[in-house]
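Below: upload33.txt (compact mmCIF, C-alpha atoms)
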# COMPACT_ATOMS: atom_id res chain seq x y z
CA MET A 5 -39.74 -74.03 -115.49
CA ILE A 6 -37.03 -71.77 -116.89
CA GLY A 7 -33.65 -72.41 -115.30
CA LEU A 8 -30.82 -69.98 -114.66
CA ASN A 9 -28.76 -71.67 -117.36
CA THR A 10 -31.43 -70.85 -119.96
CA ILE A 11 -31.51 -67.22 -118.89
CA TRP A 12 -27.70 -67.04 -118.96
CA LEU A 13 -27.57 -68.46 -122.50
CA ALA A 14 -30.19 -65.96 -123.66
CA LEU A 15 -28.29 -63.01 -122.15
CA ARG A 16 -25.02 -64.22 -123.69
CA ALA A 17 -26.64 -64.39 -127.13
CA ILE A 18 -27.98 -60.84 -126.73
CA ARG A 19 -24.59 -59.52 -125.62
CA ARG A 20 -22.90 -61.22 -128.57
CA ASN A 21 -24.80 -58.91 -130.97
CA LEU A 22 -25.24 -55.92 -128.69
CA LEU A 23 -25.67 -53.25 -131.38
CA ARG A 24 -28.23 -55.30 -133.27
CA SER A 25 -30.06 -56.04 -130.04
CA MET A 26 -30.26 -52.33 -129.14
CA LEU A 27 -31.54 -51.44 -132.61
CA THR A 28 -34.11 -54.22 -132.33
CA THR A 29 -35.50 -52.75 -129.11
CA LEU A 30 -35.79 -49.27 -130.65
CA GLY A 31 -39.37 -49.81 -131.78
CA VAL A 32 -40.43 -50.90 -128.30
CA VAL A 33 -38.52 -47.99 -126.74
CA ILE A 34 -40.32 -45.46 -128.94
CA GLY A 35 -43.69 -47.13 -128.41
CA VAL A 36 -43.48 -47.28 -124.62
CA ALA A 37 -42.06 -43.75 -124.37
CA ALA A 38 -44.77 -42.34 -126.63
CA VAL A 39 -47.66 -44.06 -124.84
CA VAL A 40 -46.54 -43.19 -121.33
CA THR A 41 -45.66 -39.60 -122.27
CA MET A 42 -48.99 -38.98 -124.01
CA VAL A 43 -51.02 -40.40 -121.14
CA THR A 44 -49.00 -38.59 -118.45
CA VAL A 45 -49.10 -35.20 -120.18
CA GLY A 46 -52.76 -35.70 -121.09
CA ASN A 47 -53.56 -36.45 -117.46
CA GLY A 48 -51.75 -33.25 -116.46
CA ALA A 49 -53.79 -31.28 -119.01
CA THR A 50 -57.01 -32.73 -117.61
CA ARG A 51 -56.02 -31.80 -114.07
CA ALA A 52 -55.06 -28.29 -115.23
CA VAL A 53 -58.48 -27.79 -116.84
CA GLN A 54 -60.25 -29.01 -113.70
CA ALA A 55 -58.14 -26.71 -111.51
CA GLN A 56 -58.77 -23.68 -113.72
CA ILE A 57 -62.52 -24.29 -113.78
CA SER A 58 -62.66 -24.85 -110.01
CA SER A 59 -60.72 -21.61 -109.46
CA LEU A 60 -63.68 -19.71 -110.90
CA GLY A 61 -65.78 -20.78 -107.93
CA SER A 62 -67.24 -23.70 -106.01
CA ASN A 63 -70.44 -25.16 -107.52
CA LEU A 64 -70.87 -21.94 -109.45
CA LEU A 65 -73.76 -20.94 -111.68
CA THR A 66 -73.22 -17.91 -113.92
CA VAL A 67 -76.32 -16.15 -115.24
CA ARG A 68 -76.03 -13.63 -118.10
CA PRO A 69 -78.55 -11.79 -120.30
CA GLY A 70 -79.08 -13.26 -123.76
CA GLN A 71 -80.24 -16.61 -125.08
CA ARG A 72 -76.86 -18.26 -125.48
CA LEU A 73 -73.11 -17.82 -125.14
CA GLY A 74 -70.45 -17.49 -127.79
CA PRO A 75 -70.53 -15.94 -131.28
CA GLY A 76 -73.91 -14.65 -132.31
CA ALA A 77 -75.24 -14.59 -128.76
CA GLY A 78 -78.33 -12.47 -128.65
CA SER A 79 -77.54 -10.55 -125.45
CA SER A 80 -77.64 -7.05 -126.95
CA GLY A 81 -81.41 -6.77 -126.85
CA ALA A 82 -81.96 -8.64 -123.59
CA PRO A 83 -82.64 -6.56 -120.48
CA ALA A 84 -79.96 -6.51 -117.81
CA PHE A 85 -80.48 -7.80 -114.28
CA LYS A 86 -81.20 -5.70 -111.21
CA LEU A 87 -79.89 -5.84 -107.66
CA ALA A 88 -83.34 -7.03 -106.57
CA ASP A 89 -82.85 -10.13 -108.74
CA VAL A 90 -79.75 -11.02 -106.71
CA GLN A 91 -81.64 -10.75 -103.45
CA ALA A 92 -84.53 -12.84 -104.83
CA VAL A 93 -82.22 -15.62 -106.00
CA ALA A 94 -80.39 -15.72 -102.65
CA THR A 95 -83.57 -15.90 -100.55
CA GLN A 96 -86.19 -17.69 -102.66
CA ILE A 97 -84.31 -20.69 -104.08
CA GLY A 98 -83.36 -23.66 -101.95
CA GLY A 99 -79.84 -25.01 -102.30
CA VAL A 100 -78.30 -21.58 -102.97
CA ALA A 101 -75.41 -20.74 -100.65
CA ALA A 102 -74.83 -17.18 -101.87
CA ALA A 103 -75.56 -14.88 -104.79
CA ALA A 104 -73.65 -11.82 -105.92
CA PRO A 105 -73.99 -9.24 -108.71
CA GLU A 106 -71.15 -8.56 -111.10
CA VAL A 107 -70.74 -5.20 -112.82
CA ARG A 108 -67.71 -5.10 -115.11
CA ALA A 109 -65.99 -2.32 -117.02
CA SER A 110 -62.57 -1.86 -118.59
CA THR A 111 -60.58 1.14 -117.46
CA THR A 112 -57.07 2.42 -116.80
CA ALA A 113 -55.82 2.48 -113.22
CA VAL A 114 -53.29 5.19 -112.35
CA VAL A 115 -50.93 5.45 -109.38
CA ASP A 116 -48.45 8.34 -109.46
CA ASN A 117 -46.64 7.97 -112.81
CA ARG A 118 -47.72 4.34 -113.38
CA ASN A 119 -50.82 3.26 -115.26
CA TRP A 120 -52.28 -0.13 -116.10
CA ALA A 121 -55.25 -1.16 -118.27
CA THR A 122 -57.39 -3.47 -116.19
CA THR A 123 -60.95 -4.51 -115.37
CA VAL A 124 -63.03 -3.00 -112.59
CA THR A 125 -65.56 -5.36 -111.04
CA GLY A 126 -68.41 -4.09 -108.88
CA SER A 127 -69.85 -6.62 -106.46
CA SER A 128 -70.49 -7.49 -102.82
CA ASN A 129 -68.48 -9.44 -100.26
CA ASP A 130 -70.27 -12.60 -101.41
CA TYR A 131 -68.32 -12.27 -104.65
CA PHE A 132 -65.12 -13.27 -102.85
CA SER A 133 -66.58 -16.38 -101.20
CA ILE A 134 -68.35 -17.48 -104.39
CA GLY A 135 -65.18 -17.11 -106.46
CA ASN A 136 -62.90 -18.80 -103.88
CA TRP A 137 -60.90 -15.61 -103.42
CA LYS A 138 -58.57 -15.35 -100.43
CA LEU A 139 -57.01 -12.23 -98.98
CA ALA A 140 -53.25 -11.86 -99.04
CA ALA A 141 -53.42 -8.65 -97.02
CA GLY A 142 -55.96 -6.14 -95.74
CA ARG A 143 -59.71 -6.62 -95.45
CA LEU A 144 -62.94 -6.78 -97.43
CA PHE A 145 -65.76 -4.22 -97.61
CA GLU A 146 -67.62 -3.07 -94.50
CA PRO A 147 -71.46 -3.14 -94.70
CA GLN A 148 -71.65 0.66 -94.54
CA GLU A 149 -69.11 0.92 -97.37
CA GLU A 150 -71.22 -1.33 -99.56
CA ALA A 151 -74.42 0.57 -98.76
CA ALA A 152 -72.91 4.03 -99.30
CA GLY A 153 -70.87 3.14 -102.38
CA ALA A 154 -67.61 4.17 -100.72
CA ALA A 155 -64.47 4.79 -102.75
CA VAL A 156 -62.61 1.70 -101.57
CA CYS A 157 -61.22 -1.22 -103.55
CA VAL A 158 -59.60 -4.64 -103.31
CA ILE A 159 -56.94 -5.32 -105.95
CA GLY A 160 -55.63 -8.49 -107.58
CA ALA A 161 -52.02 -9.66 -107.56
CA THR A 162 -51.32 -8.50 -111.13
CA VAL A 163 -52.61 -4.98 -110.45
CA ARG A 164 -50.52 -4.81 -107.30
CA ARG A 165 -47.39 -5.86 -109.17
CA GLU A 166 -47.89 -3.45 -112.08
CA LEU A 167 -48.92 -0.40 -110.04
CA PHE A 168 -47.06 -0.79 -106.76
CA GLY A 169 -44.19 -3.19 -107.40
CA SER A 170 -42.68 -4.12 -104.05
CA GLU A 171 -44.41 -1.26 -102.21
CA ASP A 172 -47.24 -1.80 -99.72
CA PRO A 173 -50.49 -0.84 -101.50
CA LEU A 174 -52.73 -0.78 -98.41
CA GLY A 175 -54.05 2.71 -97.75
CA ARG A 176 -52.79 4.02 -101.10
CA SER A 177 -55.09 5.67 -103.64
CA VAL A 178 -55.73 4.32 -107.14
CA ARG A 179 -57.36 6.65 -109.69
CA LEU A 180 -60.05 5.01 -111.81
CA ARG A 181 -61.42 7.32 -114.46
CA ARG A 182 -62.53 10.43 -112.56
CA PHE A 183 -62.36 9.20 -108.98
CA GLY A 184 -59.79 7.74 -106.65
CA CYS A 185 -60.36 4.68 -104.48
CA THR A 186 -58.41 3.61 -101.41
CA VAL A 187 -56.87 0.14 -101.47
CA ILE A 188 -58.14 -1.80 -98.44
CA GLY A 189 -57.19 -5.34 -99.48
CA VAL A 190 -55.01 -7.43 -101.76
CA LEU A 191 -56.15 -10.80 -103.15
CA GLN A 192 -54.05 -13.93 -103.29
CA ALA A 193 -52.90 -14.87 -106.79
CA LYS A 194 -55.03 -17.34 -108.76
CA GLY A 195 -53.19 -17.39 -112.07
CA GLN A 196 -54.60 -17.97 -115.51
CA GLY A 197 -58.26 -18.85 -115.91
CA SER A 198 -59.77 -21.60 -118.06
CA PHE A 199 -60.25 -19.29 -121.05
CA GLY A 200 -56.75 -17.81 -120.98
CA MET A 201 -57.63 -14.74 -118.94
CA ASP A 202 -55.53 -13.40 -116.08
CA GLN A 203 -57.82 -13.72 -113.07
CA ASP A 204 -55.50 -11.54 -110.96
CA ASP A 205 -55.82 -8.55 -113.30
CA THR A 206 -58.81 -7.06 -111.51
CA ILE A 207 -59.93 -4.32 -109.14
CA VAL A 208 -63.04 -5.01 -107.08
CA VAL A 209 -65.18 -2.16 -105.73
CA PRO A 210 -68.62 -2.16 -104.05
CA THR A 211 -71.52 -2.56 -106.48
CA ALA A 212 -72.92 0.90 -105.80
CA THR A 213 -69.50 2.45 -106.38
CA ALA A 214 -69.16 0.77 -109.78
CA GLN A 215 -72.67 1.76 -110.82
CA ARG A 216 -72.35 5.41 -109.79
CA ARG A 217 -68.75 6.19 -110.67
CA VAL A 218 -67.70 3.68 -113.36
CA THR A 219 -70.65 2.52 -115.50
CA GLY A 220 -73.10 5.34 -114.67
CA SER A 221 -76.09 2.96 -114.69
CA THR A 222 -77.88 0.48 -112.44
CA ARG A 223 -77.41 -2.39 -114.89
CA VAL A 224 -76.04 -5.69 -113.54
CA ASN A 225 -74.14 -7.65 -116.17
CA THR A 226 -73.97 -11.02 -114.45
CA LEU A 227 -75.42 -12.95 -111.53
CA LEU A 228 -73.04 -15.30 -109.71
CA VAL A 229 -74.76 -18.06 -107.75
CA SER A 230 -72.94 -20.51 -105.46
CA LEU A 231 -74.64 -23.80 -104.58
CA GLN A 232 -74.64 -25.46 -101.20
CA PRO A 233 -72.53 -28.66 -100.97
CA GLY A 234 -74.55 -31.69 -102.03
CA SER A 235 -77.33 -29.69 -103.66
CA ASP A 236 -78.85 -30.84 -106.94
CA ALA A 237 -77.51 -28.46 -109.59
CA THR A 238 -80.18 -29.48 -112.12
CA ARG A 239 -83.01 -28.74 -109.68
CA VAL A 240 -81.47 -25.41 -108.64
CA MET A 241 -81.02 -24.39 -112.29
CA LYS A 242 -84.65 -25.26 -113.00
CA SER A 243 -85.87 -23.20 -110.01
CA LEU A 244 -83.55 -20.35 -110.96
CA THR A 245 -84.83 -20.31 -114.52
CA GLN A 246 -88.45 -20.31 -113.35
CA LEU A 247 -87.83 -17.46 -110.89
CA LEU A 248 -86.04 -15.28 -113.43
CA ARG A 249 -88.73 -15.90 -116.05
CA GLU A 250 -91.33 -14.68 -113.57
CA ARG A 251 -89.29 -11.61 -112.62
CA ARG A 252 -88.59 -10.78 -116.26
CA LYS A 253 -92.28 -11.31 -117.11
CA LEU A 254 -91.79 -13.89 -119.85
CA GLY A 255 -94.86 -15.65 -121.21
CA PRO A 256 -95.14 -19.43 -121.66
CA ALA A 257 -94.47 -19.13 -125.40
CA GLU A 258 -91.47 -16.81 -125.01
CA ALA A 259 -87.92 -18.12 -124.94
CA ASP A 260 -85.54 -17.34 -122.09
CA ASN A 261 -83.73 -14.02 -122.58
CA PHE A 262 -80.93 -15.15 -120.26
CA ASN A 263 -78.61 -18.15 -120.02
CA VAL A 264 -77.43 -20.18 -117.03
CA LEU A 265 -73.95 -21.66 -117.14
CA ASP A 266 -72.87 -24.45 -114.76
CA THR A 267 -69.08 -24.53 -114.25
CA GLN A 268 -69.23 -28.16 -113.12
CA GLN A 269 -70.74 -29.14 -116.47
CA ILE A 270 -68.02 -27.19 -118.25
CA ALA A 271 -65.35 -28.94 -116.19
CA GLN A 272 -66.83 -32.36 -116.93
CA THR A 273 -67.14 -31.61 -120.65
CA LEU A 274 -63.62 -30.23 -121.01
CA SER A 275 -62.14 -33.01 -118.87
CA GLY A 276 -63.98 -35.63 -120.92
CA THR A 277 -62.73 -34.08 -124.16
CA THR A 278 -59.15 -33.94 -122.88
CA ALA A 279 -59.32 -37.55 -121.64
CA LEU A 280 -60.71 -38.69 -125.02
CA MET A 281 -57.91 -36.94 -126.90
CA THR A 282 -55.38 -38.51 -124.53
CA SER A 283 -56.81 -41.97 -125.20
CA LEU A 284 -56.70 -41.42 -128.96
CA LEU A 285 -53.10 -40.21 -128.85
CA GLY A 286 -52.17 -43.13 -126.60
CA ALA A 287 -53.82 -45.57 -129.01
CA VAL A 288 -51.93 -44.09 -131.97
CA ALA A 289 -48.67 -44.26 -130.03
CA ALA A 290 -49.39 -47.89 -129.09
CA VAL A 291 -49.20 -48.84 -132.76
CA SER A 292 -45.44 -48.33 -132.60
CA LEU A 293 -45.34 -51.05 -129.93
CA LEU A 294 -46.72 -53.49 -132.47
CA VAL A 295 -44.13 -52.30 -134.97
CA GLY A 296 -41.46 -52.94 -132.35
CA GLY A 297 -42.84 -56.42 -131.76
CA ILE A 298 -42.65 -57.21 -135.47
CA GLY A 299 -39.04 -56.00 -135.44
CA ILE A 300 -38.24 -58.38 -132.57
CA MET A 301 -39.87 -61.30 -134.41
CA ASN A 302 -37.89 -60.49 -137.55
CA ILE A 303 -34.56 -60.36 -135.74
CA MET A 304 -35.31 -63.55 -133.80
CA LEU A 305 -36.05 -65.36 -137.09
CA VAL A 306 -32.72 -64.13 -138.43
CA SER A 307 -31.05 -65.30 -135.21
CA VAL A 308 -32.56 -68.77 -135.56
CA THR A 309 -31.26 -69.00 -139.12
CA GLU A 310 -27.77 -67.86 -138.09
CA ARG A 311 -27.60 -70.29 -135.18
CA THR A 312 -29.09 -73.36 -136.88
CA ARG A 313 -25.93 -75.45 -136.37
CA GLU A 314 -25.75 -74.40 -132.71
CA ILE A 315 -29.39 -75.42 -132.20
CA GLY A 316 -28.82 -78.73 -133.98
CA LEU A 317 -25.79 -79.45 -131.81
CA ARG A 318 -27.74 -78.78 -128.62
CA LEU A 319 -30.58 -81.02 -129.75
CA ALA A 320 -28.12 -83.74 -130.81
CA VAL A 321 -26.40 -83.88 -127.41
CA GLY A 322 -29.71 -84.27 -125.59
CA ALA A 323 -31.29 -80.84 -125.11
CA PHE A 324 -35.07 -80.92 -124.92
CA GLU A 325 -37.22 -78.98 -127.35
CA ARG A 326 -38.75 -77.05 -124.47
CA GLU A 327 -35.27 -75.88 -123.40
CA VAL A 328 -34.50 -74.52 -126.87
CA LEU A 329 -37.96 -72.97 -127.00
CA ALA A 330 -37.40 -71.35 -123.60
CA GLN A 331 -33.97 -70.00 -124.58
CA PHE A 332 -35.22 -68.13 -127.64
CA LEU A 333 -38.40 -67.03 -125.90
CA VAL A 334 -36.35 -65.60 -123.03
CA GLU A 335 -34.18 -63.72 -125.54
CA ALA A 336 -37.26 -62.12 -127.10
CA VAL A 337 -38.77 -61.22 -123.73
CA VAL A 338 -35.49 -59.73 -122.46
CA LEU A 339 -35.16 -57.62 -125.61
CA ALA A 340 -38.73 -56.35 -125.29
CA ALA A 341 -38.47 -55.75 -121.52
CA LEU A 342 -35.18 -53.90 -121.97
CA GLY A 343 -36.82 -51.71 -124.56
CA GLY A 344 -39.73 -51.11 -122.20
CA LEU A 345 -37.40 -50.09 -119.37
CA ILE A 346 -35.48 -47.64 -121.56
CA GLY A 347 -38.79 -46.33 -122.89
CA LEU A 348 -40.03 -45.66 -119.35
CA LEU A 349 -36.91 -43.65 -118.54
CA LEU A 350 -37.30 -41.60 -121.73
CA ALA A 351 -41.00 -41.10 -120.97
CA LEU A 352 -40.19 -39.80 -117.49
CA ALA A 353 -37.74 -37.25 -118.89
CA ALA A 354 -40.09 -36.25 -121.72
CA SER A 355 -43.11 -35.94 -119.41
CA ILE A 356 -41.26 -33.70 -116.96
CA GLY A 357 -39.90 -31.57 -119.81
CA LEU A 358 -43.25 -31.16 -121.60
CA SER A 359 -45.12 -30.48 -118.36
CA THR A 360 -42.65 -27.73 -117.51
CA LEU A 361 -42.76 -26.30 -121.03
CA LEU A 362 -46.58 -26.32 -121.20
CA ASN A 363 -46.98 -25.25 -117.56
CA LEU A 364 -48.96 -28.37 -116.69
CA PRO A 365 -48.93 -30.29 -113.41
CA PHE A 366 -46.79 -33.45 -113.49
CA GLU A 367 -47.86 -36.56 -111.63
CA PHE A 368 -46.02 -39.86 -111.84
CA MET A 369 -48.57 -42.58 -112.71
CA PRO A 370 -47.38 -45.99 -111.44
CA GLY A 371 -50.32 -47.76 -113.07
CA ILE A 372 -49.68 -46.71 -116.66
CA ASN A 373 -45.92 -47.24 -116.23
CA ALA A 374 -46.41 -50.77 -114.91
CA LEU A 375 -48.96 -51.52 -117.63
CA ALA A 376 -46.65 -50.25 -120.39
CA PHE A 377 -43.75 -52.33 -119.07
CA ALA A 378 -45.91 -55.45 -118.77
CA PHE A 379 -47.26 -54.88 -122.27
CA SER A 380 -43.74 -54.57 -123.67
CA ALA A 381 -42.79 -57.89 -122.05
CA ALA A 382 -45.97 -59.44 -123.45
CA ILE A 383 -44.96 -58.18 -126.90
CA GLY A 384 -41.75 -60.20 -126.51
CA ILE A 385 -43.72 -63.35 -125.64
CA VAL A 386 -46.24 -62.97 -128.47
CA PHE A 387 -43.80 -62.06 -131.24
CA GLY A 388 -40.97 -64.24 -129.94
CA PHE A 389 -43.00 -67.44 -129.72
CA MET A 390 -43.02 -68.27 -133.42
CA PRO A 391 -39.22 -67.96 -133.91
CA ALA A 392 -38.67 -69.89 -130.67
CA ARG A 393 -41.01 -72.69 -131.78
CA ARG A 394 -39.28 -72.82 -135.15
CA ALA A 395 -35.92 -73.24 -133.42
CA ALA A 396 -37.24 -75.96 -131.11
CA ARG A 397 -38.71 -77.99 -134.01
CA LEU A 398 -35.55 -78.08 -136.09
CA ASP A 399 -34.41 -81.53 -137.16
CA PRO A 400 -30.99 -82.06 -135.48
CA ILE A 401 -29.52 -83.88 -138.48
CA GLU A 402 -30.63 -81.23 -140.97
CA ALA A 403 -29.51 -78.51 -138.61
CA LEU A 404 -26.00 -79.98 -138.30
CA ARG A 405 -25.73 -80.06 -142.11
CA HIS A 406 -26.62 -76.35 -142.32
CA GLU A 407 -23.82 -74.09 -143.56
Rewrite the coordinates I just gave you, this time as structure tokens.
Amino acid sequence: MIGLNTIWLALRAIRRNLLRSMLTTLGVVIGVAAVVTMVTVGNGATRAVQAQISSLGSNLLTVRPGQRLGPGAGSSGAPAFKLADVQAVATQIGGVAAAAPEVRASTTAVVDNRNWATTVTGSSNDYFSIGNWKLAAGRLFEPQEEAAGAAVCVIGATVRRELFGSEDPLGRSVRLRRFGCTVIGVLQAKGQGSFGMDQDDTIVVPTATAQRRVTGSTRVNTLLVSLQPGSDATRVMKSLTQLLRERRKLGPAEADNFNVLDTQQIAQTLSGTTALMTSLLGAVAAVSLLVGGIGIMNIMLVSVTERTREIGLRLAVGAFEREVLAQFLVEAVVLAALGGLIGLLLALAASIGLSTLLNLPFEFMPGINALAFAFSAAIGIVFGFMPARRAARLDPIEALRHE
């Protein structure tokens, strides 16, 4: 049992060489700060990736022509989808909550003397529910507007800011290529997407409007499919693939000329990658904790050598070995714990600063902070035990003769 007198002696010894004690704890300070900062910022990056993926839509499947995504994707020769494919997917596959076409084209939007290069998206009202879009003002398309291909549009927050500023855009006309569309709604801001794109830089018009007045064709670039909560994504993807193969008249030996992308799988993959990188960085940073522990052991050995006569005097007047052992062990633990505490404060400041700089969410993690502090104290016990045992086993007579 460690008494208050032992703790007081240990603190007095630390205060006696305050500058050396602070320099000794520097390794632990850096180690704890690095580990906690890396894990906290890494956790924020993981949450940011998950939020960006989820902002694309709930349980979303994206179907595009071509055999694969990315560089070299063979989508140029693959036939596009048709509106009938959207209806078939929505009605013939179980577990599908909604399906919507997506017709995209880049254009310049003009209002009075302002113009802005943006993307026009042609789709139905299901597009908004699938993509988790909320209205900030106005309304969505009426059924007759969708059927007739009316010249109406719903704009994103970026388009509103660039074309209208602080003015009310509802009821105003936006010229897109050779026609003007009336703004009937404004979408709530979503921010940056998972691939660095500005999701709010968009103008949404009915599918028929985009096909007739923007693209000039009946091609559908993408199918967006939202799954019902609790549905089996693997089973739905299998049924979807089978249905599209039948509709595109592909033989058993022919490869799919379309690809199905599951946003949940992307989120899990990216989150797993981010978490792995965070663990690796945390492990590298933890090495500095061991370096700090070695520094504590070195200084404690020096302290034992410097205080040999003091130790011999205590042992000669009746101090027990366990009391001497406890005194030096407490010194090591206090040094390590002090370094851990300072490291936690630095980590808090660094985590907040980096999260703000990188535009990542910050969340205080009590678990990793408590673990880092406990580990720093354990470093003091492990690396302080050998010097403490050496002090306790000194021969009093030899120690008193020490110069």
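Taking atom CA of A:Ala52 and atom CA of A:Leu64 as the two end points, the separation is 18.0 Å.
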Within 12 Å of stretch 97-117 of chain A, which residues of stretch 186-233 of chain A show up? Give each one with its shortest atom-to-atom distance in Å (one decimal) and the two atoms involved, counting all atoms listed in the file, rows by chain then rising residue number, as a tab-separated table.
residue	atom	partner	partner_atom	distance
A:Thr186	CA	A:Val115	CA	11.1
A:Val187	CA	A:Val115	CA	11.2
A:Asp205	CA	A:Ser110	CA	10.9
A:Thr206	CA	A:Ser110	CA	9.6
A:Ile207	CA	A:Ala113	CA	8.9
A:Val208	CA	A:Arg108	CA	9.3
A:Val209	CA	A:Val107	CA	9.5
A:Pro210	CA	A:Val107	CA	9.5
A:Thr211	CA	A:Val107	CA	6.9
A:Ala212	CA	A:Val107	CA	9.6
A:Thr213	CA	A:Val107	CA	10.1
A:Ala214	CA	A:Val107	CA	6.9
A:Gln215	CA	A:Val107	CA	7.5
A:Arg216	CA	A:Val107	CA	11.2
A:Arg217	CA	A:Ala109	CA	11.0
A:Val218	CA	A:Ala109	CA	7.2
A:Thr219	CA	A:Ala109	CA	6.9
A:Gly220	CA	A:Ala109	CA	10.7
A:Ser221	CA	A:Val107	CA	9.9
A:Thr222	CA	A:Val107	CA	9.1
A:Arg223	CA	A:Val107	CA	7.5
A:Val224	CA	A:Val107	CA	5.4
A:Asn225	CA	A:Val107	CA	5.4
A:Thr226	CA	A:Glu106	CA	5.0
A:Leu227	CA	A:Pro105	CA	4.9
A:Leu228	CA	A:Ala104	CA	5.2
A:Val229	CA	A:Ala103	CA	4.4
A:Ser230	CA	A:Ala102	CA	5.2
A:Leu231	CA	A:Val100	CA	4.6
A:Gln232	CA	A:Ala101	CA	4.8
A:Pro233	CA	A:Gly99	CA	8.3
Can you tell me which residues surround A:Val39 at a distance of at most 12 Å, considering all atoms listed in the file, apart from same-chain residues fewer than 4 positions away, and format the answer as an MDAnalysis selection string?
chainID A and resid 32:35 43:46 282:293 344 347:348 350:352 354:355 372:373 375:377 379:380
Using Å and a single decimal, report how far atom CA of A:Leu305 sits from atom CA of A:Pro391.
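Interatomic distance here is 5.2 Å.
Proximity ranking of A:Tyr131, A:Phe387, A:Trp12, A:Trp137 relative to A:Gln331 places A:Trp12 first, based on only C-alpha atoms.
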Considering all atoms listed in the file, return as a count of residues only whatever protein or nucleic-acid residues lie within 8 Å of A:Leu265, sequence-local ones (same chain, fewer than 6 positions apart) excluded.
3
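Atom CA of A:Ala396 is positioned 6.9 Å from atom CA of A:Arg326.
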Set the distance at 12 Å and use only C-alpha atoms: which residues neighbour A:Gly160 once local chain neighbours fewer than 6 positions away are removed? I'd like the list as a VMD selection string.
chain A and resid 122 to 125 132 137 to 141 166 to 168 173 187 to 195 202 to 209
Take every atom of stretch 213-230 of chain A listed in the file, pad by 8 Å on each side, and give me the axis-aligned box centre and edge lengths in Å, one decimal, as JSON.
{"center_x": -72.8, "center_y": -7.2, "center_z": -110.8, "size_x": 26.2, "size_y": 42.7, "size_z": 26.7}
So which one's closest to A:Gly388, A:Leu361, A:Met301, A:Ala320, A:Val93? Using only C-alpha atoms, please.
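Checking each of A:Leu361, A:Met301, A:Ala320, A:Val93 against A:Gly388, counting only C-alpha atoms, the winner is A:Met301.
The closest residue to A:Gly31, picked from A:Leu345, A:Leu362, A:Val295, A:Val264 and counting only C-alpha atoms, is A:Val295.
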Given the choices A:Pro83, A:Pro365, A:Gly48, A:Pro147, which gets closest to A:Leu254 if the distance is worked out from only C-alpha atoms?
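Among the listed residues, A:Pro83 lies closest to A:Leu254.
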Rank nothing, just name the residue among A:Ala336, A:Gln91, A:Pro370, A:Val386 nearest to A:Val308, using only C-alpha atoms.
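With only C-alpha atoms as the atom set, the closest residue is A:Ala336.
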Proximity to A:Ile18 - best of A:Asn263, A:Thr360, A:Ser307, A:Ser235, only C-alpha atoms:
A:Ser307
